[in-house]
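Heads up, final02.txt below (compact mmCIF, C-alpha atoms and all ligand atoms):
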```
# COMPACT_ATOMS: atom_id res chain seq x y z
CA MET A 401 -65.81 -54.04 106.81
CA THR A 402 -69.34 -54.59 108.11
CA ILE A 403 -70.68 -52.69 111.10
CA VAL A 404 -72.84 -55.04 113.19
CA LEU A 405 -75.52 -53.67 115.49
CA GLY A 406 -76.32 -55.90 118.48
CA ILE A 407 -79.50 -55.83 120.58
CA GLU A 408 -79.88 -57.39 124.03
CA THR A 409 -83.20 -57.57 125.94
CA SER A 410 -83.17 -60.98 127.64
CA CYS A 411 -83.54 -59.71 131.20
CA ASP A 412 -83.60 -56.22 132.74
CA GLU A 413 -80.98 -54.44 130.63
CA THR A 414 -81.84 -52.86 127.27
CA GLY A 415 -78.50 -52.92 125.46
CA VAL A 416 -77.40 -51.82 121.99
CA GLY A 417 -73.81 -52.04 120.77
CA LEU A 418 -71.89 -51.61 117.51
CA VAL A 419 -68.92 -53.78 116.56
CA ALA A 420 -66.83 -54.08 113.40
CA ASP A 421 -63.84 -56.36 112.81
CA GLY A 422 -63.68 -57.38 116.46
CA ARG A 423 -63.61 -53.76 117.61
CA LEU A 424 -66.19 -52.08 119.86
CA LEU A 425 -67.34 -48.87 118.16
CA GLY A 426 -69.93 -47.71 120.67
CA ALA A 427 -72.70 -48.86 122.99
CA ALA A 428 -75.55 -47.72 125.22
CA LEU A 429 -77.52 -49.32 128.02
CA SER A 430 -80.70 -48.68 129.98
CA SER A 431 -81.63 -50.72 133.05
CA SER A 432 -85.00 -51.35 134.67
CA MET A 433 -83.25 -52.78 137.76
CA ASP A 434 -84.63 -50.12 140.10
CA GLU A 435 -88.21 -50.92 139.07
CA HIS A 436 -87.72 -54.56 140.17
CA ALA A 437 -85.88 -53.87 143.42
CA ARG A 438 -88.98 -53.81 145.65
CA PHE A 439 -90.05 -57.22 144.30
CA GLY A 440 -86.63 -58.75 145.07
CA GLY A 441 -86.25 -60.07 141.52
CA VAL A 442 -86.99 -59.23 137.88
CA VAL A 443 -90.70 -58.97 137.01
CA PRO A 444 -90.98 -60.06 133.35
CA GLU A 445 -93.86 -57.74 132.35
CA ILE A 446 -92.16 -54.72 133.88
CA ALA A 447 -88.90 -55.62 132.13
CA ALA A 448 -90.63 -56.04 128.76
CA ARG A 449 -92.40 -52.70 129.02
CA ALA A 450 -89.16 -51.00 130.01
CA HIS A 451 -87.41 -52.48 126.93
CA ALA A 452 -90.17 -51.14 124.67
CA ASP A 453 -89.91 -47.71 126.33
CA ALA A 454 -86.12 -47.54 126.13
CA MET A 455 -85.36 -49.22 122.79
CA THR A 456 -85.30 -46.24 120.42
CA SER A 457 -83.44 -43.92 122.78
CA VAL A 458 -80.82 -46.59 123.58
CA LEU A 459 -80.44 -47.23 119.84
CA ASP A 460 -79.90 -43.50 119.19
CA ALA A 461 -77.43 -43.24 122.07
CA ALA A 462 -75.40 -46.24 120.83
CA LEU A 463 -75.23 -44.83 117.28
CA ALA A 464 -74.17 -41.45 118.66
CA ASP A 465 -71.53 -43.11 120.87
CA ALA A 466 -70.12 -44.91 117.81
CA GLY A 467 -70.40 -41.79 115.64
CA VAL A 468 -72.29 -43.65 112.90
CA GLY A 469 -75.76 -43.46 111.39
CA LEU A 470 -78.34 -46.23 110.89
CA ASP A 471 -77.44 -46.39 107.20
CA ASP A 472 -73.89 -47.41 108.13
CA VAL A 473 -75.16 -50.56 109.84
CA GLY A 474 -74.47 -53.61 107.68
CA ALA A 475 -76.01 -56.39 109.80
CA ILE A 476 -78.10 -56.84 112.93
CA ALA A 477 -77.65 -59.38 115.74
CA VAL A 478 -80.13 -59.98 118.52
CA THR A 479 -80.42 -62.18 121.60
CA ALA A 480 -83.11 -64.72 120.68
CA GLY A 481 -82.65 -66.73 123.89
CA PRO A 482 -82.40 -67.81 126.58
CA GLY A 483 -84.16 -65.28 128.78
CA LEU A 484 -87.56 -63.94 129.79
CA ALA A 485 -89.96 -64.59 126.89
CA THR A 486 -91.77 -61.25 127.00
CA ALA A 487 -88.48 -59.39 127.27
CA LEU A 488 -86.83 -61.32 124.41
CA HIS A 489 -89.77 -60.57 122.10
CA VAL A 490 -89.11 -56.83 122.34
CA GLY A 491 -85.52 -57.19 121.11
CA VAL A 492 -86.45 -59.72 118.42
CA GLY A 493 -89.22 -57.40 117.17
CA ALA A 494 -86.89 -54.41 117.11
CA ALA A 495 -84.19 -56.39 115.26
CA LYS A 496 -86.64 -57.59 112.61
CA ALA A 497 -88.04 -54.09 112.13
CA LEU A 498 -84.52 -52.74 111.56
CA ALA A 499 -83.62 -55.61 109.25
CA LEU A 500 -86.71 -54.94 107.13
CA ALA A 501 -86.41 -51.16 107.14
CA LEU A 502 -82.68 -51.17 106.30
CA ASP A 503 -82.77 -54.31 104.15
CA ARG A 504 -79.97 -55.92 106.14
CA PRO A 505 -79.39 -59.51 107.37
CA VAL A 506 -80.30 -60.43 110.93
CA TYR A 507 -78.64 -63.05 113.17
CA ALA A 508 -80.49 -64.77 116.04
CA VAL A 509 -77.83 -65.15 118.71
CA HIS A 510 -77.49 -67.18 121.94
CA HIS A 511 -77.16 -64.95 125.00
CA LEU A 512 -74.34 -67.00 126.57
CA ALA A 513 -72.34 -66.89 123.34
CA GLY A 514 -72.62 -63.12 123.80
CA HIS A 515 -71.12 -63.32 127.30
CA ILE A 516 -68.21 -65.34 125.89
CA ALA A 517 -67.65 -63.04 122.90
CA ALA A 518 -67.68 -59.98 125.20
CA ASP A 519 -64.13 -60.80 126.22
CA THR A 520 -62.87 -60.56 122.63
CA LEU A 521 -63.81 -56.85 122.60
CA GLU A 522 -61.24 -56.25 125.29
CA HIS A 523 -58.60 -58.96 124.78
CA GLY A 524 -58.85 -59.93 121.11
CA PRO A 525 -59.72 -63.29 119.52
CA LEU A 526 -60.09 -66.30 121.84
CA PRO A 527 -57.53 -69.09 121.55
CA ASP A 528 -58.87 -72.39 120.21
CA PRO A 529 -59.56 -74.21 122.45
CA CYS A 530 -60.26 -72.28 125.65
CA MET A 531 -62.04 -73.11 128.89
CA VAL A 532 -64.96 -70.81 129.70
CA LEU A 533 -66.61 -70.39 133.08
CA VAL A 534 -69.98 -68.66 132.58
CA VAL A 535 -71.37 -67.29 135.82
CA SER A 536 -74.53 -65.21 135.50
CA GLY A 537 -77.89 -64.75 137.16
CA GLY A 538 -79.40 -67.64 135.23
CA HIS A 539 -76.43 -69.87 134.33
CA THR A 540 -73.34 -71.47 135.80
CA SER A 541 -71.44 -73.65 133.33
CA LEU A 542 -68.00 -74.88 132.43
CA LEU A 543 -67.63 -74.93 128.65
CA LEU A 544 -64.93 -76.08 126.28
CA VAL A 545 -65.04 -73.53 123.47
CA ARG A 546 -63.45 -73.84 120.04
CA ASP A 547 -64.49 -71.54 117.16
CA LEU A 548 -67.57 -69.77 118.52
CA ALA A 549 -68.84 -68.87 115.03
CA ARG A 550 -68.65 -72.38 113.60
CA GLU A 551 -68.33 -75.12 116.20
CA PRO A 552 -70.65 -76.32 118.93
CA VAL A 553 -69.69 -75.57 122.50
CA LEU A 554 -68.95 -78.61 124.67
CA HIS A 555 -70.73 -78.54 128.06
CA LEU A 556 -68.50 -80.06 130.72
CA GLY A 557 -70.79 -79.22 133.62
CA ASP A 558 -73.63 -77.00 134.77
CA THR A 559 -75.30 -76.13 138.04
CA ILE A 560 -77.78 -78.74 139.18
CA ASP A 561 -79.87 -76.15 141.08
CA ASP A 562 -79.26 -72.40 141.57
CA ALA A 563 -76.97 -70.34 139.34
CA ALA A 564 -74.09 -68.54 141.08
CA GLY A 565 -75.65 -65.10 140.55
CA GLU A 566 -79.00 -66.39 141.75
CA ALA A 567 -77.30 -67.59 144.96
CA PHE A 568 -75.78 -64.11 145.46
CA ASP A 569 -79.22 -62.55 144.92
CA LYS A 570 -81.00 -64.94 147.31
CA VAL A 571 -78.40 -64.73 150.09
CA ALA A 572 -78.37 -60.93 149.79
CA ARG A 573 -82.11 -61.00 150.34
CA ILE A 574 -81.73 -63.28 153.38
CA LEU A 575 -79.19 -60.79 154.76
CA GLY A 576 -81.57 -57.86 154.18
CA LEU A 577 -79.37 -56.35 151.45
CA GLY A 578 -80.65 -54.80 148.19
CA TYR A 579 -81.26 -56.21 144.73
CA PRO A 580 -79.29 -57.24 142.70
CA GLY A 581 -77.46 -59.05 145.44
CA GLY A 582 -74.08 -59.67 143.81
CA PRO A 583 -72.79 -56.10 143.96
CA GLU A 584 -74.28 -55.68 147.47
CA ILE A 585 -72.55 -58.79 148.80
CA SER A 586 -69.21 -57.82 147.29
CA ARG A 587 -69.61 -54.34 148.82
CA VAL A 588 -70.31 -55.46 152.40
CA SER A 589 -67.81 -58.36 152.20
CA VAL A 590 -64.93 -55.91 152.07
CA ASP A 591 -65.35 -55.38 155.85
CA GLY A 592 -66.03 -59.06 156.60
CA ASP A 593 -63.89 -62.05 157.60
CA PRO A 594 -64.13 -64.74 154.88
CA THR A 595 -63.01 -67.39 157.39
CA ALA A 596 -65.59 -66.47 160.06
CA LEU A 597 -68.00 -69.20 158.97
CA ARG A 598 -67.15 -72.44 157.23
CA PHE A 599 -69.88 -72.77 154.61
CA PRO A 600 -70.25 -76.00 152.57
CA ARG A 601 -68.40 -76.42 149.26
CA ALA A 602 -70.94 -78.64 147.48
CA LEU A 603 -69.67 -81.22 144.97
CA LEU A 604 -66.09 -80.01 145.42
CA GLY A 605 -64.57 -83.48 145.57
CA ALA A 606 -67.19 -85.06 143.32
CA GLY A 607 -66.15 -87.41 140.56
CA GLY A 608 -67.77 -88.93 137.49
CA ASP A 609 -70.42 -86.81 135.81
CA ARG A 610 -70.45 -84.43 138.80
CA ARG A 611 -66.77 -83.49 138.50
CA TYR A 612 -67.62 -80.20 136.78
CA ALA A 613 -71.16 -79.80 138.16
CA PHE A 614 -72.12 -77.07 140.63
CA SER A 615 -74.71 -76.82 143.39
CA PHE A 616 -75.45 -73.65 145.35
CA SER A 617 -78.83 -74.25 146.96
CA GLY A 618 -77.32 -75.93 150.07
CA LEU A 619 -75.09 -72.91 150.58
CA LYS A 620 -78.12 -70.63 150.47
CA THR A 621 -79.88 -72.81 153.08
CA ALA A 622 -76.76 -72.78 155.27
CA ALA A 623 -76.66 -68.97 155.14
CA ALA A 624 -80.38 -68.82 155.99
CA ARG A 625 -79.81 -71.09 159.04
CA VAL A 626 -77.02 -68.88 160.36
CA VAL A 627 -79.24 -65.80 160.06
CA GLU A 628 -82.20 -67.61 161.64
CA ALA A 629 -80.09 -68.96 164.54
CA GLY A 630 -78.76 -65.48 165.20
CA ARG A 631 -82.19 -63.86 165.52
CA ALA A 632 -82.17 -64.19 169.36
CA ASP A 633 -78.62 -63.05 170.13
CA GLY A 634 -77.75 -61.01 167.04
CA GLY A 635 -75.59 -63.72 165.43
CA PRO A 636 -72.46 -63.05 163.37
CA PRO A 637 -72.08 -59.68 161.62
CA VAL A 638 -73.69 -59.45 158.15
CA ALA A 639 -70.27 -58.62 156.67
CA ASP A 640 -68.82 -61.92 157.99
CA VAL A 641 -71.72 -64.00 156.66
CA ALA A 642 -71.49 -62.25 153.26
CA ALA A 643 -67.70 -62.63 153.03
CA SER A 644 -67.80 -66.30 154.08
CA PHE A 645 -70.58 -67.05 151.59
CA GLN A 646 -68.70 -65.27 148.79
CA GLU A 647 -65.52 -67.18 149.67
CA ALA A 648 -67.33 -70.53 149.39
CA VAL A 649 -68.77 -69.66 145.95
CA VAL A 650 -65.44 -68.34 144.67
CA ASP A 651 -63.53 -71.35 146.03
CA VAL A 652 -65.80 -73.87 144.27
CA LEU A 653 -65.92 -71.93 140.97
CA THR A 654 -62.17 -71.46 140.68
CA THR A 655 -61.23 -74.97 141.88
CA LYS A 656 -63.51 -76.63 139.35
CA ALA A 657 -62.52 -74.31 136.50
CA LEU A 658 -58.82 -75.03 137.05
CA ALA A 659 -59.44 -78.78 137.33
CA ALA A 660 -61.22 -78.59 133.95
CA CYS A 661 -58.23 -76.75 132.43
CA ALA A 662 -55.79 -79.35 133.80
CA ASP A 663 -57.90 -82.37 132.79
CA HIS A 664 -58.31 -81.11 129.22
CA GLY A 665 -54.84 -79.65 128.81
CA VAL A 666 -56.29 -76.19 128.12
CA GLY A 667 -54.03 -73.20 128.80
CA THR A 668 -56.56 -70.35 128.86
CA LEU A 669 -59.46 -69.77 131.26
CA VAL A 670 -62.08 -67.15 130.36
CA VAL A 671 -64.48 -66.06 133.11
CA VAL A 672 -67.61 -64.25 131.90
CA GLY A 673 -71.16 -63.29 132.96
CA GLY A 674 -72.43 -60.92 135.65
CA VAL A 675 -70.72 -62.70 138.57
CA ALA A 676 -67.35 -62.29 136.78
CA ALA A 677 -67.64 -58.64 137.86
CA ASN A 678 -67.04 -59.84 141.45
CA PRO A 679 -63.66 -58.51 142.66
CA ARG A 680 -62.98 -61.49 144.95
CA LEU A 681 -63.67 -63.99 142.14
CA ARG A 682 -61.32 -62.04 139.86
CA ALA A 683 -58.58 -61.95 142.50
CA VAL A 684 -58.75 -65.65 143.47
CA ALA A 685 -58.98 -66.72 139.81
CA ALA A 686 -55.89 -64.62 139.05
CA GLU A 687 -53.97 -66.15 141.98
CA ARG A 688 -54.86 -69.74 141.16
CA CYS A 689 -54.33 -69.37 137.40
CA ALA A 690 -50.89 -67.89 138.02
CA GLU A 691 -50.01 -70.86 140.26
CA ALA A 692 -51.22 -73.32 137.61
CA GLY A 693 -49.59 -71.53 134.67
CA VAL A 694 -52.98 -70.86 133.06
CA VAL A 695 -53.67 -67.60 131.23
CA LEU A 696 -56.72 -65.87 132.74
CA ARG A 697 -59.02 -63.61 130.72
CA VAL A 698 -61.85 -61.68 132.40
CA PRO A 699 -63.53 -58.76 130.65
CA ARG A 700 -63.92 -55.43 132.47
CA PRO A 701 -67.02 -55.36 134.72
CA GLY A 702 -69.13 -53.37 132.22
CA LEU A 703 -68.66 -56.15 129.67
CA CYS A 704 -69.42 -58.92 132.23
CA THR A 705 -73.01 -57.88 132.97
CA ASP A 706 -75.61 -57.90 130.17
CA ASN A 707 -74.99 -55.44 127.33
CA GLY A 708 -75.61 -54.99 123.59
CA ALA A 709 -71.96 -54.94 122.53
CA MET A 710 -71.51 -58.61 123.43
CA ILE A 711 -74.32 -59.58 121.06
CA ALA A 712 -72.84 -57.39 118.32
CA ALA A 713 -69.51 -59.18 118.96
CA VAL A 714 -71.11 -62.54 118.17
CA GLY A 715 -72.80 -61.09 115.07
CA ASP A 716 -69.47 -59.70 113.93
CA GLN A 717 -67.83 -63.13 114.27
CA LEU A 718 -70.69 -64.76 112.33
CA VAL A 719 -70.47 -62.18 109.55
CA ARG A 720 -66.72 -62.63 109.25
CA ALA A 721 -67.14 -66.43 109.23
CA ASP A 722 -69.59 -66.02 106.33
CA ARG A 723 -72.40 -67.77 108.19
CA PRO A 724 -75.86 -67.55 106.59
CA PRO A 725 -78.17 -65.11 108.42
CA SER A 726 -81.35 -66.22 110.18
CA PRO A 727 -84.63 -66.47 108.27
CA LEU A 728 -86.92 -63.60 109.22
CA ASP A 729 -89.53 -65.91 110.77
CA PHE A 730 -87.37 -66.91 113.76
CA SER A 731 -88.84 -66.50 117.22
CA ALA A 732 -87.57 -66.04 120.77
CA ARG A 733 -86.42 -69.26 122.45
CA PRO A 734 -86.64 -68.62 126.21
CA SER A 735 -84.90 -71.79 127.41
CA VAL A 736 -82.61 -72.79 124.54
CA GLU A 737 -79.33 -74.47 125.58
CA LEU A 738 -76.02 -73.22 124.27
CA GLN A 739 -74.72 -75.37 121.46
CA LEU A 740 -74.10 -73.04 118.54
CA SER A 741 -73.86 -69.26 118.88
CA LEU A 742 -76.25 -68.87 115.92
CA LEU A 743 -79.73 -70.12 116.85
CA THR A 744 -81.35 -70.59 113.44
O1 LIG B 801 -74.96 -61.78 133.19
P1 LIG B 801 -75.94 -60.99 133.97
O2 LIG B 801 -75.87 -59.49 133.90
O3 LIG B 801 -77.41 -61.40 133.61
C1 LIG B 801 -77.78 -62.71 133.34
O4 LIG B 801 -77.56 -63.16 132.17
O5 LIG B 801 -78.24 -63.36 134.30
O6 LIG B 801 -75.77 -61.47 135.50
C2 LIG B 801 -76.53 -60.92 136.54
C3 LIG B 801 -76.09 -61.57 137.83
C4 LIG B 801 -76.95 -61.19 139.04
O7 LIG B 801 -77.32 -62.36 139.72
C5 LIG B 801 -76.02 -60.32 139.87
O8 LIG B 801 -76.28 -60.41 141.26
C6 LIG B 801 -74.67 -60.89 139.52
O9 LIG B 801 -74.74 -61.17 138.15
N1 LIG B 801 -73.60 -59.93 139.78
C7 LIG B 801 -72.64 -60.13 140.71
C8 LIG B 801 -71.86 -58.95 140.74
N2 LIG B 801 -72.37 -58.08 139.80
C9 LIG B 801 -73.44 -58.71 139.23
N3 LIG B 801 -72.40 -61.18 141.51
C10 LIG B 801 -71.35 -61.10 142.36
N4 LIG B 801 -70.57 -59.99 142.46
C11 LIG B 801 -70.78 -58.91 141.68
N5 LIG B 801 -70.00 -57.83 141.79
ZN ZN B 802 -76.44 -62.47 130.90
```
In structure tokens, write the structure found in this file.
Amino acid sequence: MTIVLGIETSCDETGVGLVADGRLLGAALSSSMDEHARFGGVVPEIAARAHADAMTSVLDAALADAGVGLDDVGAIAVTAGPGLATALHVGVGAAKALALALDRPVYAVHHLAGHIAADTLEHGPLPDPCMVLVVSGGHTSLLLVRDLAREPVLHLGDTIDDAAGEAFDKVARILGLGYPGGPEISRVSVDGDPTALRFPRALLGAGGDRRYAFSFSGLKTAAARVVEAGRADGGPPVADVAASFQEAVVDVLTTKALAACADHGVGTLVVVGGVAANPRLRAVAAERCAEAGVVLRVPRPGLCTDNGAMIAAVGDQLVRADRPPSPLDFSARPSVELQLSLLT
């Protein structure tokens, strides 16, 4: 059995996790979120410096959580992309340093493969094939996934403009809520009426190559117009705008994901990425999957948002599939598309 140490630094979370044989042994996380809040979004230089500051203490905390020492680590996996270049470099540098110091193999891993593999830490191996809806701050995609360690992922559709999480963050800002916007919108939506405003469901009935594509920028503009129009007389309550916006996003995501399952005869839907932490998305997905006879898998919220364990989970699958490790001269790839989970 090989213990794989995973490192994640693609955005504002410094994550380290340890996985062996599909099992999560321990993990630790440090976030620079609060340092970005006043800018309304992640500032790459601040994120990179925070990763460098936090890396060794997060590493120690993850090892302590797992009850193992550095010498017990048999392989290292790291997010090599996509993400913020300066932030990725910190994780890649740390992974190479560990690989050299410990004389262990290192695997350059795709961040979105990590989000997918996160679910295996809670629910076991993924069925082949399965439909995956990735909804994060930077990505919104419907993917047909087979063996994540060996086979390329098939992209059925992506967002043509904003990612779902990005839309949550931008609309939260328009509504004067904090950053990150997703958790804020789900919090205030609890007291709102999701039917108060009928926001657009872009591309919902689209066919052809747009059948599985998403678009959220019109929704953001619609929310901005409602807020602007209400400046004189107060307008609708923030909770109603938030709940109606959230309902529109959730409706489009779940409708398209279930259409993809039906069209491809796939019986399992896996929803991953930061937005999968959204309680309303989880509830509507559960309802609609039950109606359609589709098995739904969504990891617990702590495994939905960025973390190191998900990267270790990919590394663990690669090790067990006997895949050759990455050459030590690999570099960060800030905008690499997901095809294979192993980047080099
Ligand atoms: O996967 P993630 O942690 O980082 C990226 O790879 O982007 O996703 C972060 C995104 C942010 O846009 C955040 O607002 C959103 O996930 N998010 C949520 C919730 N929690 C985080 N969106 C909606 N509802 C939530 N509860
Ligand atoms: Zn992510």
Please work out which residues fall within 10 Å of (-86.2, -67.4, 119.7), coordinates as given in the file, with all atoms listed in the file counting, and return them as a PyMOL selection string. chain A and resi 478-483+485+488-489+492+508-510+729-736+743-744
What is the atom CA of A:Pro699-atom CA of A:Ala513 distance in Å, reported with one decimal? 14.0 Å
Can you tell me which residues surround A:Val641 at a distance of at most 9 Å, considering only C-alpha atoms, apart from same-chain residues fewer than 6 positions away, and format the answer as a PyMOL selection string? chain A and resi 575+589+592-594+596-597+623+626-627
Check the smallest atom-to-atom distance from each of A:Asp528, A:Asp503, A:Asp471, A:Asp412 to A:Pro444 using only C-alpha atoms, then report the winner.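 Result for the nearest residue to A:Pro444: A:Asp412.
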Of the listed residues A:Leu512, A:Val490, A:Val650, A:Leu658, that which approaches A:Cys704 most closely, counting only C-alpha atoms: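 Among A:Leu512, A:Val490, A:Val650, A:Leu658, it is A:Leu512 that comes nearest to A:Cys704.
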Could you tell me how far atom CA of A:Tyr507 sits from atom N3 of ligand LIG 801 (chain B), in Å to one decimal place?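 Separation of atom N3 of ligand LIG 801 (chain B) and atom CA of A:Tyr507: 29.1 Å.
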Grab me every residue within 10 Å of ligand LIG 801 (chain B), counting all atoms listed in the file, and send it over as a PyMOL selection string. chain A and resi 410-413+441+482-483+511-512+514-515+534-540+563-570+572+578-587+646+649-650+672-682+701-707
Of A:Leu742, A:Ala642, A:Leu526, A:Val714, the one sitting nearest A:Leu696 when using all atoms listed in the file is A:Leu526
Between A:Gly422, A:Gly708, A:Ala685, A:Met531, which residue has the minimum interatomic distance to ligand ZN 802 (chain B), considering all atoms listed in the file?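 Under the stated criterion, the closest residue is A:Gly708.
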Show me, as a list in words, the residues that have an atom within 9 Å of A:Arg550 when counting all atoms listed in the file, minus same-chain residues fewer than 6 positions from it. Leu718, Ala721, Arg723, Leu740, Ser741 and Leu742 of chain A
